[in-house]
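*Asks:* Here you go, one structure.
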Amino acid sequence: MLNNKTVGIIGNPNVGKTYLFNRMTACVGCVGNWAGVTATTCESRTCGEDQYRLLDLPGCYHLAEGREIQATEGQQEVASYLSKRDVDLWLNVLDVTNLQQQLYLTIQLLEAGKRVICVINRIDLLPKVQKEIDITELGKLLQVPIVKVSAKLGMGMRDLEAVIKSELTNPTLDGREYPVQYHQAIEQLLDKETHHGLTRWQAWQKIIQADNQPVAPAWHFNQQIAELRNTTGTLTDVMALTRTEFIENCCQRTIKEKGISRDDRDKILDRWFLHPWLGLPIFFVMMFTVFWLSMGCGQLLQGILEPLLKLITVELPTFICKLYRLPVVVEIVLVHGIGISLVTALSFFPVLQVMFFSLYLLEESGYMTRAAIVMDRIMRQLDLPGESMVALVLGLGCNVPGILATRHIPKKNDKIVTALMMPFMSCGARLTIFAVFASVFFPRQAASVLFSLYVLGISIAFLTGLIARFCGLTQRQTSDNYLLEIPGYQWPSWSMGVKQAYQRTQRFVWRALGVIVPICITLALCNHISYTGELLIQPADNSILAWLGKSLSILFYPIGLQAEHWPLVVSLLMGLLAKEVVLTTLNVFYSQMNTNITLASSANELLMDCLTEIGTNISQGYSYFIPSLHADLPAWASYLNPEHINADAVMSYLIFTLLYFPCVSTLYATARQTSWRWAGISVLWSTGIAYLCAAGYLVLKGYVTNSVIELLILLGALGVSYYIKEQIKKRVTEKLNKAEGVTSP
Amino acid sequence: MQSIDVNEALGKKLMIVSLRRFSVAKREELYIRGLLPGKMLQLVQISPMGDPLIIRVDQQKFAMNCDTWAQLDLEEIPTC
Ligand SMILES: Nc1nc2c(ncn2[C@@H]2O[C@H](COP(=O)(O)OP(=O)(O)O)[C@@H](O)[C@H]2O)c(=O)[nH]1
Ligand SMILES: [Mg+2]
């Protein structure tokens, strides 16, 4: 009966809309889009026998009246839903701790002639804040049904269901009056407009628009209105002040304060977290802890998961293929394509899971806001918000969660710039590559090599931010109102955190697979087909990939790689997949031995091997929590000696590895958070910079100084990056012009 | 009317006199957040790098940029 009805959830940010949404759709879960840029609204059906559509809209404080363009993305989305007809009922979520500020939106909804149910959330906090709310009185004043709930604890949900049902089945809208009475003269104005068939909301829009025009409308000369304008300012002020006055009045009549709420705990915590000197160190300690815990726990879990995954997706299929003598192509696609890509994508699972959980803890406890405040000043140098620092720091662990953490950044452009900066934050996988090479080639200065690589990465990231600001991509006007609400501290709910982290990770991994699998299959085929077209049982130096590596090594000549270093080139190509693969590839080519596929005689043996591997991983679990620069040297490292390759060339190879194209998963995350176009720009930008830096290093070292080709290539790379910059600039100015053209009153 | 220096204002209770130096749109936003002329405002804390200021209006805490602060017309209230 209610099947074709739609109910929208609306309210200020951080009042618990999403909690309510999750509670009401518990048996279905959020099937809509996750919080991204393009679609921030979640949609799902409720549970129970009468199912209706439920929308979870982004939060907003108010809707700008009389303006074409709303200020924030959230407002735009809400405004577009409000102007559409297909939402039958609005649930306006309010939060007991700060009703005053939130009723403004309620009034706007009512004036827009919407059917509204006010849902007062967080009633479990009432005793703590020492308040009591008389909802019957408030309901009378506002002329809307009001329900008290606690979305977190699930109180009052039955009542809410009942009220929603009765509102949806028998509309009671007719004969309702608007709650706020404005000044007599304004009421007359409004009446005149509404006589022409406009709603009160539309009438206000029209009046405000006319009020802001340089040409004064006729009613400016009405004596009463002129007087009002003289004392208060514009009609927007009059409107807003009348409403806030009404709200204040409502609150005074309905909210009883039983005492002064005590927030000693918040005060003490804030004193430390925002301490003049300790604030910054505490921020870094917090970030480091999150980072360290998630990498440690993540790797520990990975140590358990990966052997199992390998058994199921790689070793067993190989075994079966061999057993039944299936064609080699089948084995290549099944094992090296699908199997390896599953292992690659799913091995992210534990790290992401733990990282998301820690992020959830930071967010829920209320520390995230403080972190953003502490970092605000530093990031302002780049015109970025403090939240992007949090994302960047997390990116040092693994770029993927770092980029996914950019969803906390409110402005779209800031998100894009942070995502562009991210690939330069060296991740854990790159650290292992550096560690191996550094301990072979620079055994004495391994630590300082690692350190300088990290510093280089971070500096390039900030350079990217500066360039983006220079291009006008990020902007923060001095008049930008930075008024961030600071929520109180609270204990996070653990089960919710686990659930949320699981859902987010799972969605990401499954979708990322769609990108990773095709790439993996292509690479696997290239690796197993020789350039004469024969199938190879195992990768050898006549495969297409090796041939590609050899031919491409010309391109890498400026960064010091010669034709005989083709395995390094191939490893860079394979590194597109995941940086973890770089070492594996080198292993395959340098040791010329097949690593993954040791032919087991029986399935039993495979299982035993897997279990022993898990066992050793668990018993060595503690080592994941001890940061160390020491790397176990693989057997093939001896082949990589200074006679084979020059130390300078190795350094430039490492610089290239640090900076070039992040990895498929990061690329996919970037595309999700921004768009494929920006992901493409990110690839070009990072690879271009990598090339420039690596080549530049060699030039500085005087390795290949007077080579003409060298210079030409360098100039070409410079040209390309200049072209990209110009393109960005052009697009941004276009966009800004468009935006300015409409917003100017 | 002048804005009050941040260091002097720290910890004191101040009254918002007017918001006339903001643009109309910003003013509306501030009204909604509870920063109305006549309301009390307290500068609770200055964040580590000195910029966002932590203020309190009614029971709600906000972080506010110094630029925004400088545009507020405030008046000191002698504490009794
Ligand atoms: N104490 C309490 N906290 C709640 C309740 N509902 C939501 N919250 C908290 O409010 C915060 C914001 O919730 P969320 O649903 O993300 O808000 P949204 O921005 O409106 O979607 C979370 O930290 C929740 O823990 C409730 O009923 N009681
Ligand atoms: Mg939400």
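Residue numbering restarts at 1 in every chain; chains get A, B, ... in the order shown in the structure tokens, and ligands count up from 1 in that same order.
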Which residues of chain A have any atom within 8 Å of an atom in ligand 1 when counting only C-alpha atoms and all ligand atoms, and what is the closest pair of atoms for each, with the distance in Å to one decimal? Order the rows by chain and rising number and write it as JSON lines.

*Replies:*
```
{"residue": "A:Gly11", "atom": "CA", "partner": "ligand 1", "partner_atom_place_in_ligand_line": "20 (O)", "distance": 6.6}
{"residue": "A:Asn12", "atom": "CA", "partner": "ligand 1", "partner_atom_place_in_ligand_line": "20 (O)", "distance": 6.4}
{"residue": "A:Pro13", "atom": "CA", "partner": "ligand 1", "partner_atom_place_in_ligand_line": "19 (O)", "distance": 4.3}
{"residue": "A:Asn14", "atom": "CA", "partner": "ligand 1", "partner_atom_place_in_ligand_line": "19 (O)", "distance": 3.3}
{"residue": "A:Val15", "atom": "CA", "partner": "ligand 1", "partner_atom_place_in_ligand_line": "20 (O)", "distance": 4.1}
{"residue": "A:Gly16", "atom": "CA", "partner": "ligand 1", "partner_atom_place_in_ligand_line": "15 (O)", "distance": 3.3}
{"residue": "A:Lys17", "atom": "CA", "partner": "ligand 1", "partner_atom_place_in_ligand_line": "20 (O)", "distance": 3.7}
{"residue": "A:Thr18", "atom": "CA", "partner": "ligand 1", "partner_atom_place_in_ligand_line": "15 (O)", "distance": 3.5}
{"residue": "A:Tyr19", "atom": "CA", "partner": "ligand 1", "partner_atom_place_in_ligand_line": "15 (O)", "distance": 3.9}
{"residue": "A:Leu20", "atom": "CA", "partner": "ligand 1", "partner_atom_place_in_ligand_line": "15 (O)", "distance": 6.6}
{"residue": "A:Phe21", "atom": "CA", "partner": "ligand 1", "partner_atom_place_in_ligand_line": "15 (O)", "distance": 7.8}
{"residue": "A:Asp56", "atom": "CA", "partner": "ligand 1", "partner_atom_place_in_ligand_line": "21 (O)", "distance": 7.7}
{"residue": "A:Pro58", "atom": "CA", "partner": "ligand 1", "partner_atom_place_in_ligand_line": "21 (O)", "distance": 7.0}
{"residue": "A:Gly59", "atom": "CA", "partner": "ligand 1", "partner_atom_place_in_ligand_line": "19 (O)", "distance": 5.9}
{"residue": "A:Val93", "atom": "CA", "partner": "ligand 1", "partner_atom_place_in_ligand_line": "20 (O)", "distance": 7.7}
{"residue": "A:Asn121", "atom": "CA", "partner": "ligand 1", "partner_atom_place_in_ligand_line": "27 (O)", "distance": 5.3}
{"residue": "A:Arg122", "atom": "CA", "partner": "ligand 1", "partner_atom_place_in_ligand_line": "27 (O)", "distance": 3.6}
{"residue": "A:Ile123", "atom": "CA", "partner": "ligand 1", "partner_atom_place_in_ligand_line": "27 (O)", "distance": 6.4}
{"residue": "A:Asp124", "atom": "CA", "partner": "ligand 1", "partner_atom_place_in_ligand_line": "28 (N)", "distance": 5.7}
{"residue": "A:Leu125", "atom": "CA", "partner": "ligand 1", "partner_atom_place_in_ligand_line": "1 (N)", "distance": 5.6}
{"residue": "A:Val149", "atom": "CA", "partner": "ligand 1", "partner_atom_place_in_ligand_line": "27 (O)", "distance": 6.6}
{"residue": "A:Ser150", "atom": "CA", "partner": "ligand 1", "partner_atom_place_in_ligand_line": "27 (O)", "distance": 3.3}
{"residue": "A:Ala151", "atom": "CA", "partner": "ligand 1", "partner_atom_place_in_ligand_line": "27 (O)", "distance": 3.9}
{"residue": "A:Lys152", "atom": "CA", "partner": "ligand 1", "partner_atom_place_in_ligand_line": "27 (O)", "distance": 3.9}
{"residue": "A:Leu153", "atom": "CA", "partner": "ligand 1", "partner_atom_place_in_ligand_line": "27 (O)", "distance": 5.9}
{"residue": "A:Gly154", "atom": "CA", "partner": "ligand 1", "partner_atom_place_in_ligand_line": "27 (O)", "distance": 7.3}
{"residue": "A:Met155", "atom": "CA", "partner": "ligand 1", "partner_atom_place_in_ligand_line": "27 (O)", "distance": 7.9}
{"residue": "A:Glu363", "atom": "CA", "partner": "ligand 1", "partner_atom_place_in_ligand_line": "23 (O)", "distance": 7.3}
{"residue": "A:Glu364", "atom": "CA", "partner": "ligand 1", "partner_atom_place_in_ligand_line": "23 (O)", "distance": 4.5}
{"residue": "A:Ser365", "atom": "CA", "partner": "ligand 1", "partner_atom_place_in_ligand_line": "23 (O)", "distance": 7.1}
{"residue": "A:Gly366", "atom": "CA", "partner": "ligand 1", "partner_atom_place_in_ligand_line": "23 (O)", "distance": 7.6}
{"residue": "A:Gln490", "atom": "CA", "partner": "ligand 1", "partner_atom_place_in_ligand_line": "23 (O)", "distance": 7.6}
{"residue": "A:Pro492", "atom": "CA", "partner": "ligand 1", "partner_atom_place_in_ligand_line": "25 (O)", "distance": 6.6}
{"residue": "A:Ser493", "atom": "CA", "partner": "ligand 1", "partner_atom_place_in_ligand_line": "25 (O)", "distance": 7.2}
```

*Asks:* Skipping near chain neighbours, those fewer than 5 positions away, what residues fall within 9 Å of B:Gln60 using only C-alpha atoms, listed as a PyMOL selection string?

*Replies:* (chain A and resi 97-98+485-487) or (chain B and resi 34+55)

*Asks:* Residues of chain B within 7 Å of chain A, using only C-alpha atoms, as a PDB file with all heavy atoms, in the first residue's frame?

*Replies:*
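Written output follows (out_10.pdb):
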```pdb
ATOM      1  N   GLU B  28      23.114  35.516   7.498  1.00  0.00           N
ATOM      2  CA  GLU B  28      22.017  34.566   7.707  1.00  0.00           C
ATOM      3  C   GLU B  28      22.555  33.286   8.339  1.00  0.00           C
ATOM      4  O   GLU B  28      21.986  32.759   9.280  1.00  0.00           O
ATOM      5  CB  GLU B  28      21.347  34.266   6.367  1.00  0.00           C
ATOM      6  CG  GLU B  28      20.039  33.509   6.513  1.00  0.00           C
ATOM      7  CD  GLU B  28      19.473  33.078   5.181  1.00  0.00           C
ATOM      8  OE1 GLU B  28      20.080  33.377   4.136  1.00  0.00           O
ATOM      9  OE2 GLU B  28      18.417  32.425   5.191  1.00  0.00           O
ATOM     10  N   TYR B  31      23.318  33.850  11.966  1.00  0.00           N
ATOM     11  CA  TYR B  31      22.085  33.913  12.761  1.00  0.00           C
ATOM     12  C   TYR B  31      21.627  32.511  13.092  1.00  0.00           C
ATOM     13  O   TYR B  31      21.267  32.188  14.226  1.00  0.00           O
ATOM     14  CB  TYR B  31      20.946  34.588  11.981  1.00  0.00           C
ATOM     15  CG  TYR B  31      21.095  36.068  11.738  1.00  0.00           C
ATOM     16  CD1 TYR B  31      20.551  36.640  10.585  1.00  0.00           C
ATOM     17  CD2 TYR B  31      21.731  36.894  12.661  1.00  0.00           C
ATOM     18  CE1 TYR B  31      20.665  37.995  10.342  1.00  0.00           C
ATOM     19  CE2 TYR B  31      21.839  38.250  12.409  1.00  0.00           C
ATOM     20  CZ  TYR B  31      21.314  38.806  11.253  1.00  0.00           C
ATOM     21  OH  TYR B  31      21.423  40.128  11.021  1.00  0.00           O
ATOM     22  N   ILE B  32      21.622  31.653  12.041  1.00  0.00           N
ATOM     23  CA  ILE B  32      21.106  30.302  12.225  1.00  0.00           C
ATOM     24  C   ILE B  32      21.945  29.523  13.217  1.00  0.00           C
ATOM     25  O   ILE B  32      21.428  28.772  14.034  1.00  0.00           O
ATOM     26  CB  ILE B  32      21.075  29.577  10.871  1.00  0.00           C
ATOM     27  CG1 ILE B  32      20.068  30.258   9.969  1.00  0.00           C
ATOM     28  CG2 ILE B  32      20.730  28.127  11.039  1.00  0.00           C
ATOM     29  CD1 ILE B  32      20.132  29.813   8.557  1.00  0.00           C
ATOM     30  N   ARG B  33      23.252  29.738  13.164  1.00  0.00           N
ATOM     31  CA  ARG B  33      24.122  29.027  14.099  1.00  0.00           C
ATOM     32  C   ARG B  33      24.000  29.588  15.510  1.00  0.00           C
ATOM     33  O   ARG B  33      24.670  29.145  16.418  1.00  0.00           O
ATOM     34  CB  ARG B  33      25.574  29.110  13.657  1.00  0.00           C
ATOM     35  CG  ARG B  33      25.845  28.609  12.272  1.00  0.00           C
ATOM     36  CD  ARG B  33      25.516  27.149  12.199  1.00  0.00           C
ATOM     37  NE  ARG B  33      26.181  26.484  11.100  1.00  0.00           N
ATOM     38  CZ  ARG B  33      27.484  26.227  11.042  1.00  0.00           C
ATOM     39  NH1 ARG B  33      28.284  26.578  12.003  1.00  0.00           N
ATOM     40  NH2 ARG B  33      27.989  25.610  10.013  1.00  0.00           N
ATOM     41  N   GLY B  34      23.201  30.610  15.681  1.00  0.00           N
ATOM     42  CA  GLY B  34      22.982  31.130  17.027  1.00  0.00           C
ATOM     43  C   GLY B  34      23.799  32.363  17.356  1.00  0.00           C
ATOM     44  O   GLY B  34      23.766  32.843  18.485  1.00  0.00           O
ATOM     45  N   SER B  47      43.519  27.582  19.277  1.00  0.00           N
ATOM     46  CA  SER B  47      44.100  26.292  18.892  1.00  0.00           C
ATOM     47  C   SER B  47      45.605  26.415  18.691  1.00  0.00           C
ATOM     48  O   SER B  47      46.123  27.507  18.539  1.00  0.00           O
ATOM     49  CB  SER B  47      43.408  25.766  17.644  1.00  0.00           C
ATOM     50  OG  SER B  47      43.775  26.552  16.555  1.00  0.00           O
ATOM     51  N   PRO B  48      46.322  25.284  18.670  1.00  0.00           N
ATOM     52  CA  PRO B  48      47.783  25.285  18.713  1.00  0.00           C
ATOM     53  C   PRO B  48      48.467  26.260  17.758  1.00  0.00           C
ATOM     54  O   PRO B  48      49.375  26.962  18.150  1.00  0.00           O
ATOM     55  CB  PRO B  48      48.140  23.850  18.358  1.00  0.00           C
ATOM     56  CG  PRO B  48      46.992  23.054  18.791  1.00  0.00           C
ATOM     57  CD  PRO B  48      45.785  23.923  18.689  1.00  0.00           C
ATOM     58  N   MET B  49      48.043  26.298  16.500  1.00  0.00           N
ATOM     59  CA  MET B  49      48.749  27.152  15.566  1.00  0.00           C
ATOM     60  C   MET B  49      48.218  28.582  15.623  1.00  0.00           C
ATOM     61  O   MET B  49      48.565  29.393  14.785  1.00  0.00           O
ATOM     62  CB  MET B  49      48.625  26.608  14.147  1.00  0.00           C
ATOM     63  CG  MET B  49      48.947  25.164  14.012  1.00  0.00           C
ATOM     64  SD  MET B  49      50.675  24.836  14.296  1.00  0.00           S
ATOM     65  CE  MET B  49      51.349  25.469  12.792  1.00  0.00           C
ATOM     66  N   ASP B  51      45.374  29.730  14.937  1.00  0.00           N
ATOM     67  CA  ASP B  51      44.265  30.208  14.127  1.00  0.00           C
ATOM     68  C   ASP B  51      42.859  29.812  14.458  1.00  0.00           C
ATOM     69  O   ASP B  51      42.190  30.634  15.032  1.00  0.00           O
ATOM     70  CB  ASP B  51      44.503  30.159  12.638  1.00  0.00           C
ATOM     71  CG  ASP B  51      43.509  31.077  11.916  1.00  0.00           C
ATOM     72  OD1 ASP B  51      42.545  31.473  12.580  1.00  0.00           O
ATOM     73  OD2 ASP B  51      43.695  31.400  10.751  1.00  0.00           O
ATOM     74  N   PRO B  52      42.387  28.643  14.178  1.00  0.00           N
ATOM     75  CA  PRO B  52      40.971  28.594  14.514  1.00  0.00           C
ATOM     76  C   PRO B  52      40.785  28.874  16.000  1.00  0.00           C
ATOM     77  O   PRO B  52      41.553  28.384  16.825  1.00  0.00           O
ATOM     78  CB  PRO B  52      40.558  27.175  14.158  1.00  0.00           C
ATOM     79  CG  PRO B  52      41.608  26.646  13.291  1.00  0.00           C
ATOM     80  CD  PRO B  52      42.856  27.361  13.669  1.00  0.00           C
ATOM     81  N   LYS B  61      29.870  24.660  21.058  1.00  0.00           N
ATOM     82  CA  LYS B  61      31.213  25.149  20.766  1.00  0.00           C
ATOM     83  C   LYS B  61      31.421  25.198  19.261  1.00  0.00           C
ATOM     84  O   LYS B  61      30.956  24.322  18.536  1.00  0.00           O
ATOM     85  CB  LYS B  61      32.244  24.189  21.348  1.00  0.00           C
ATOM     86  CG  LYS B  61      32.643  24.478  22.761  1.00  0.00           C
ATOM     87  CD  LYS B  61      33.850  23.626  23.055  1.00  0.00           C
ATOM     88  CE  LYS B  61      34.114  23.502  24.518  1.00  0.00           C
ATOM     89  NZ  LYS B  61      35.143  22.502  24.777  1.00  0.00           N
ATOM     90  N   PHE B  62      32.129  26.212  18.812  1.00  0.00           N
ATOM     91  CA  PHE B  62      32.464  26.319  17.395  1.00  0.00           C
ATOM     92  C   PHE B  62      33.944  26.608  17.245  1.00  0.00           C
ATOM     93  O   PHE B  62      34.560  27.195  18.127  1.00  0.00           O
ATOM     94  CB  PHE B  62      31.720  27.486  16.743  1.00  0.00           C
ATOM     95  CG  PHE B  62      30.239  27.340  16.700  1.00  0.00           C
ATOM     96  CD1 PHE B  62      29.443  27.974  17.641  1.00  0.00           C
ATOM     97  CD2 PHE B  62      29.635  26.596  15.705  1.00  0.00           C
ATOM     98  CE1 PHE B  62      28.070  27.855  17.599  1.00  0.00           C
ATOM     99  CE2 PHE B  62      28.262  26.475  15.657  1.00  0.00           C
ATOM    100  CZ  PHE B  62      27.472  27.111  16.611  1.00  0.00           C
ATOM    101  N   ALA B  63      34.493  26.219  16.101  1.00  0.00           N
ATOM    102  CA  ALA B  63      35.828  26.683  15.737  1.00  0.00           C
ATOM    103  C   ALA B  63      35.633  27.781  14.704  1.00  0.00           C
ATOM    104  O   ALA B  63      34.848  27.621  13.773  1.00  0.00           O
ATOM    105  CB  ALA B  63      36.642  25.561  15.132  1.00  0.00           C
ATOM    106  N   MET B  64      36.324  28.888  14.901  1.00  0.00           N
ATOM    107  CA  MET B  64      36.090  30.033  14.027  1.00  0.00           C
ATOM    108  C   MET B  64      37.444  30.596  13.599  1.00  0.00           C
ATOM    109  O   MET B  64      38.369  30.668  14.391  1.00  0.00           O
ATOM    110  CB  MET B  64      35.313  31.076  14.823  1.00  0.00           C
ATOM    111  CG  MET B  64      35.067  32.363  14.093  1.00  0.00           C
ATOM    112  SD  MET B  64      34.427  33.600  15.227  1.00  0.00           S
ATOM    113  CE  MET B  64      32.697  33.478  14.893  1.00  0.00           C
ATOM    114  N   ASN B  65      37.549  30.976  12.340  1.00  0.00           N
ATOM    115  CA  ASN B  65      38.799  31.568  11.856  1.00  0.00           C
ATOM    116  C   ASN B  65      38.978  32.975  12.402  1.00  0.00           C
ATOM    117  O   ASN B  65      38.008  33.664  12.706  1.00  0.00           O
ATOM    118  CB  ASN B  65      38.780  31.647  10.338  1.00  0.00           C
ATOM    119  CG  ASN B  65      39.352  30.400   9.723  1.00  0.00           C
ATOM    120  OD1 ASN B  65      39.221  30.174   8.546  1.00  0.00           O
ATOM    121  ND2 ASN B  65      39.993  29.580  10.528  1.00  0.00           N
ATOM    122  N   ASP B  67      39.845  35.544  10.783  1.00  0.00           N
ATOM    123  CA  ASP B  67      39.254  36.548   9.884  1.00  0.00           C
ATOM    124  C   ASP B  67      37.803  36.784  10.259  1.00  0.00           C
ATOM    125  O   ASP B  67      37.313  37.910  10.259  1.00  0.00           O
ATOM    126  CB  ASP B  67      39.276  36.094   8.422  1.00  0.00           C
ATOM    127  CG  ASP B  67      40.528  35.337   8.066  1.00  0.00           C
ATOM    128  OD1 ASP B  67      41.497  35.472   8.837  1.00  0.00           O
ATOM    129  OD2 ASP B  67      40.526  34.634   7.060  1.00  0.00           O
ATOM    130  N   THR B  68      37.103  35.670  10.524  1.00  0.00           N
ATOM    131  CA  THR B  68      35.700  35.798  10.884  1.00  0.00           C
ATOM    132  C   THR B  68      35.578  36.552  12.199  1.00  0.00           C
ATOM    133  O   THR B  68      34.727  37.428  12.351  1.00  0.00           O
ATOM    134  CB  THR B  68      35.059  34.402  11.020  1.00  0.00           C
ATOM    135  OG1 THR B  68      35.470  33.616   9.922  1.00  0.00           O
ATOM    136  CG2 THR B  68      33.563  34.499  11.066  1.00  0.00           C
TER     137      THR B  68
END
```

*Asks:* For A:Val498, find every residue with an atom within 9 Å (counting only C-alpha atoms), except residues of its own chain fewer than 3 positions away, and show them as a count of residues only.

*Replies:* 11

*Asks:* Need to verify the contact set: stretch 414-422 of chain A, 10 Å, only C-alpha atoms, exclusion of same-chain residues closer than 6 positions in sequence. Can you return it as a PyMOL selection string?

*Replies:* chain A and resi 37+382-385+387-389+391-396+398-400+402-408+457-469+473-475+662+666-667+669-671+673-675+678-679+681-683+685-686

*Asks:* Could you take the residues named above and write them with C-alpha atoms, as a PDB file, in the first residue's frame?

*Replies:*
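The file below, part.pdb, is the result:
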```
ATOM      1  CA  VAL A  37      31.057  12.946  -4.636  1.00  0.00           C
ATOM      2  CA  LEU A 382      47.899  25.101   0.570  1.00  0.00           C
ATOM      3  CA  ASP A 383      44.346  26.368   0.968  1.00  0.00           C
ATOM      4  CA  LEU A 384      43.312  22.908   2.033  1.00  0.00           C
ATOM      5  CA  PRO A 385      41.246  21.991   5.083  1.00  0.00           C
ATOM      6  CA  GLU A 387      40.983  16.971   7.204  1.00  0.00           C
ATOM      7  CA  SER A 388      43.194  16.483   4.186  1.00  0.00           C
ATOM      8  CA  MET A 389      46.233  16.237   6.460  1.00  0.00           C
ATOM      9  CA  ALA A 391      44.045  11.600   4.932  1.00  0.00           C
ATOM     10  CA  LEU A 392      47.613  12.244   3.810  1.00  0.00           C
ATOM     11  CA  VAL A 393      49.090  10.883   7.010  1.00  0.00           C
ATOM     12  CA  LEU A 394      46.989   7.742   6.651  1.00  0.00           C
ATOM     13  CA  GLY A 395      48.219   7.475   3.077  1.00  0.00           C
ATOM     14  CA  LEU A 396      51.682   6.798   4.428  1.00  0.00           C
ATOM     15  CA  CYS A 398      48.619   2.552   2.262  1.00  0.00           C
ATOM     16  CA  ASN A 399      47.373   5.007  -0.314  1.00  0.00           C
ATOM     17  CA  VAL A 400      44.010   3.348  -0.742  1.00  0.00           C
ATOM     18  CA  GLY A 402      44.195   7.474   2.537  1.00  0.00           C
ATOM     19  CA  ILE A 403      42.231   8.333  -0.548  1.00  0.00           C
ATOM     20  CA  LEU A 404      39.078   6.804   0.849  1.00  0.00           C
ATOM     21  CA  ALA A 405      39.534   9.003   3.929  1.00  0.00           C
ATOM     22  CA  THR A 406      39.204  12.082   1.741  1.00  0.00           C
ATOM     23  CA  ARG A 407      35.464  11.632   1.981  1.00  0.00           C
ATOM     24  CA  HIS A 408      35.646  13.636   5.177  1.00  0.00           C
ATOM     25  CA  GLY A 457      57.802  12.031  -1.554  1.00  0.00           C
ATOM     26  CA  ILE A 458      56.273  14.349   0.994  1.00  0.00           C
ATOM     27  CA  SER A 459      57.886  17.420  -0.533  1.00  0.00           C
ATOM     28  CA  ILE A 460      56.595  16.506  -3.962  1.00  0.00           C
ATOM     29  CA  ALA A 461      53.137  16.031  -2.455  1.00  0.00           C
ATOM     30  CA  PHE A 462      53.251  19.535  -1.024  1.00  0.00           C
ATOM     31  CA  LEU A 463      54.639  20.874  -4.269  1.00  0.00           C
ATOM     32  CA  THR A 464      51.631  19.355  -5.990  1.00  0.00           C
ATOM     33  CA  GLY A 465      49.388  21.119  -3.493  1.00  0.00           C
ATOM     34  CA  LEU A 466      51.157  24.408  -4.139  1.00  0.00           C
ATOM     35  CA  ILE A 467      50.832  24.024  -7.889  1.00  0.00           C
ATOM     36  CA  ALA A 468      47.168  23.211  -7.498  1.00  0.00           C
ATOM     37  CA  ARG A 469      46.713  26.351  -5.475  1.00  0.00           C
ATOM     38  CA  LEU A 473      42.147  24.651  -8.014  1.00  0.00           C
ATOM     39  CA  THR A 474      41.929  25.208  -4.299  1.00  0.00           C
ATOM     40  CA  GLN A 475      40.702  28.494  -3.030  1.00  0.00           C
ATOM     41  CA  PRO A 662      50.534   4.514  -7.622  1.00  0.00           C
ATOM     42  CA  THR A 666      44.732   3.533  -5.640  1.00  0.00           C
ATOM     43  CA  LEU A 667      43.749   4.553  -9.134  1.00  0.00           C
ATOM     44  CA  ALA A 669      39.926   4.676  -5.259  1.00  0.00           C
ATOM     45  CA  THR A 670      40.847   8.032  -6.797  1.00  0.00           C
ATOM     46  CA  ALA A 671      38.308   7.528  -9.527  1.00  0.00           C
ATOM     47  CA  GLN A 673      36.306   9.682  -4.872  1.00  0.00           C
ATOM     48  CA  THR A 674      36.782  12.133  -7.726  1.00  0.00           C
ATOM     49  CA  SER A 675      36.284  10.988 -11.305  1.00  0.00           C
ATOM     50  CA  TRP A 678      41.070  13.190 -12.370  1.00  0.00           C
ATOM     51  CA  ALA A 679      42.422   9.699 -11.854  1.00  0.00           C
ATOM     52  CA  ILE A 681      45.441  13.319 -14.522  1.00  0.00           C
ATOM     53  CA  SER A 682      46.848  11.824 -11.344  1.00  0.00           C
ATOM     54  CA  VAL A 683      48.542   9.053 -13.342  1.00  0.00           C
ATOM     55  CA  TRP A 685      51.130  13.871 -13.212  1.00  0.00           C
ATOM     56  CA  SER A 686      52.755  11.345 -10.901  1.00  0.00           C
TER      57      SER A 686
END
```

*Asks:* Excluding stretch 203-208 of chain A and residues on its chain fewer than 3 positions from it, collect all residues at most 10 Å away from it, counting only C-alpha atoms, and give them as a ChimeraX atom specification.

*Replies:* /A:64-68,111-112,186,189-200,211-213,217,219,234-236,239

*Asks:* Which distance in Å separates atom CA of A:Leu91 and atom CA of A:Ile9, to one decimal?

*Replies:*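 Atom CA of A:Ile9 lies at a distance of 4.8 Å from atom CA of A:Leu91.
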
*Asks:* Residues near B:Asp58, anyone? I mean within 9 Å using only C-alpha atoms, not counting same-chain ones fewer than 4 positions away, as a PyMOL selection string.

*Replies:* chain B and resi 34+39-41

*Asks:* Apply DSSP to the structure's backbone, then extract all residues of stretch 477-610 of chain A labelled helix (DSSP H, G or I) and return them as a PyMOL selection string.

*Replies:* chain A and resi 494-528+544-552+557-559+563-574+580-591+603-610

*Asks:* Residues near A:Leu640, anyone? I mean within 10 Å using only C-alpha atoms, not counting same-chain ones fewer than 6 positions away, as a PyMOL selection string.

*Replies:* chain A and resi 437+440-441+565+586+590+646+650

*Asks:* When DSSP is applied to the backbone of this structure, which of chain B are assigned strand (DSSP E or B)? Write them out as a count of residues only.

*Replies:* 27

*Asks:* What does the distance from atom CA of A:Leu361 to atom CA of A:Val390 come to in Å, to one decimal?

*Replies:*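 So the two atoms, atom CA of A:Leu361 and atom CA of A:Val390, lie 13.6 Å apart.
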